[in-house]
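J.: The structure's right below; bear with me while I get my questions together.
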Amino acid sequence: MSLRIGIIGCGAIGQDHARRLHFKLSGASVVALNDINLEATQAFSLASGINAKVYANYEDLIQAPDVDALLVASWGDAHEEQVLACINAGKPVFCEKPLATSAAGGLRIVEAEVKHGKNLVQVGFMRRYDAGYRALKKTIDAGAIGDVLMAHCAHRNPSVPENYVGDMGITDTHVHELDVLRWLLNDDYVTAQVVQGRKSRNSNGNLHDPMMVLLETTQGIRIDTEIFVTCRFGYDIQCHVVGETGVASLPEPASVALRSGGRQSTEILMDWKQRFIDSYDVELQEWLEDIKVGLVNGPTAWDGYFASATAEACVEARHSKQIVPIRIANRPAFYDRG
Ligand SMILES: NC(=O)c1ccc[n+]([C@@H]2O[C@H](COP(=O)([O-])OP(=O)(O)OC[C@H]3O[C@@H](n4cnc5c(N)ncnc54)[C@H](O)[C@@H]3O)[C@@H](O)[C@H]2O)c1
């Protein structure tokens, strides 16, 4: 059975996902597209060879009887209303991060899904599908380092565009660590603190780069993450988990070890897309298999809400320079994994 997919938001990642679903993965075809930029979307539909019907209105696309499932890749502030419309229509929806731009918005989605009574929402936190993170989780879950005590992480980008400002280091960048570390450590966060020291001269405008986010979990695990988005030297994701009897580290991406000219070197990637390209394929292929049998096994609406609520606390911590408690609603039993 081939699932007929409708995509809302056909910019950079929406187009990537459209091509991936239509041409690369098995069991799906993209039949409908929507974007506020209608002309560009019509051009994309033809030029890509997908030739899907282009809708001027996302609600009509969601309601279309020949659309089985939705993928939302519009700007973050549109996600909440579009995901709620998918839930109201009773159709599975894959929503790119963030699920919502506020904790309250994420919770409204959680409440709507619980009221609907069936899991429909998956959030695009693709790191859970990265082979390196999966291997690291397997190692930790097998008890190879004993109980986890601490984690040291880094999220480094060579540069960011001029419109990357203010709190985006948390809401756009750190949000990936916020999700993957909860999953990796099987734990939830209770407090957040943000420390900003010397500002790099490569920070643009009102961006203060780098910063350090400190999280504490319910079990007392301490996590520090360096967010450094103008580091110039590469796209570099680090995660070192310290346990009672050892340290487990995220594998580096495969790269040739070169001995030449009196030097020993390995390449560092420059582009986040190269780093996680395979995980997008795995993420969407597993999503297709799951929704065919009525399941959501990936990051749920609850995970999306949790990430938004934690990001909100981190933003507050950045501005107040205080340790901020992370207040989370009671988790509905609906989200218990069988
Ligand atoms: N998981 C990841 O690694 C990852 C990577 C990139 C982007 N994203 C997320 O995906 C989303 C899109 O990012 P992007 O880089 O493709 O941005 P983009 O600006 O390239 O594309 C967004 C598209 O959405 C359209 N759009 C905006 N509001 C809309 C609305 N209300 N209805 C319909 N279309 C609308 C815009 O016209 C644009 O074409 C963002 O939420 C971003 O955070 C996730």
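Ordering of the structure tokens sets the chain letters (A, B, ...); residue numbers start at 1 within each chain; ligands are numbered from 1 in the order shown.
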Determine, counting only C-alpha atoms, which protein, DNA and RNA residues have an atom within 12 Å of an atom of Leu99 in chain A; residues of the same chain fewer than 3 positions away are not included. Present the result as JSON, numbers by chain.

T.: {"A": [71, 72, 73, 74, 75, 76, 77, 78, 79, 80, 81, 82, 83, 84, 93, 94, 95, 96, 102, 103, 104, 105, 106, 107, 108, 109, 110, 121, 122, 123, 124, 125, 171, 172, 175, 179, 299, 300, 301, 302, 303, 304, 305, 306, 307, 308, 309, 311]}

J.: Can you tell me, as a PyMOL selection string, which residues in range 97-191 of chain A count as helix (DSSP H, G or I) by DSSP?

T.: chain A and resi 103-116+126-129+131-141+168-185

J.: When you count only C-alpha atoms and all ligand atoms, which of these residues is closest to ligand 1: A:Thr41, A:Asn157, A:Thr139, A:Asn51?

T.: A:Thr41

J.: Between A:Ala43, A:Leu136, A:Ala144, A:Val165, single out the one closest to Leu185 in chain A, counting only C-alpha atoms.

T.: A:Leu136

J.: Please provide as number ranges by chain all residues within 6 Å of range 22-33 of chain A, with the sequence filter that same-chain residues fewer than 5 positions apart are discarded (counting only C-alpha atoms).

T.: A: 2-7, 52-54

J.: I need the residues of range 118-149 of chain A that end up classed as strand (DSSP E or B) by DSSP on the backbone, written out as a PyMOL selection string.

T.: chain A and resi 121-124+148-149

J.: Using the selection just defined, write its residues with N, CA and C atoms as a CSV table (one decimal), in the first residue's frame.

T.:
chain,number,residue,atom,x,y,z
A,121,VAL,N,0.5,12.4,15.9
A,121,VAL,CA,1.6,13.4,15.7
A,121,VAL,C,3.0,12.8,15.9
A,122,GLN,N,3.9,13.1,15.0
A,122,GLN,CA,5.3,12.8,15.2
A,122,GLN,C,6.1,14.1,14.9
A,123,VAL,N,7.1,14.3,15.7
A,123,VAL,CA,7.9,15.5,15.5
A,123,VAL,C,9.3,15.2,14.9
A,124,GLY,N,9.8,16.1,14.1
A,124,GLY,CA,11.0,15.9,13.3
A,124,GLY,C,12.3,16.0,14.0
A,148,VAL,N,24.6,6.7,34.7
A,148,VAL,CA,25.1,8.0,34.1
A,148,VAL,C,25.1,9.1,35.1
A,149,LEU,N,26.2,9.8,35.1
A,149,LEU,CA,26.4,10.9,36.1
A,149,LEU,C,26.3,12.3,35.4

J.: Give me the residues within 7 Å of Val194 in chain A as a PyMOL selection string, counting only C-alpha atoms and dropping any in the same chain fewer than 5 places off.

T.: chain A and resi 211-214+314+317-318+321
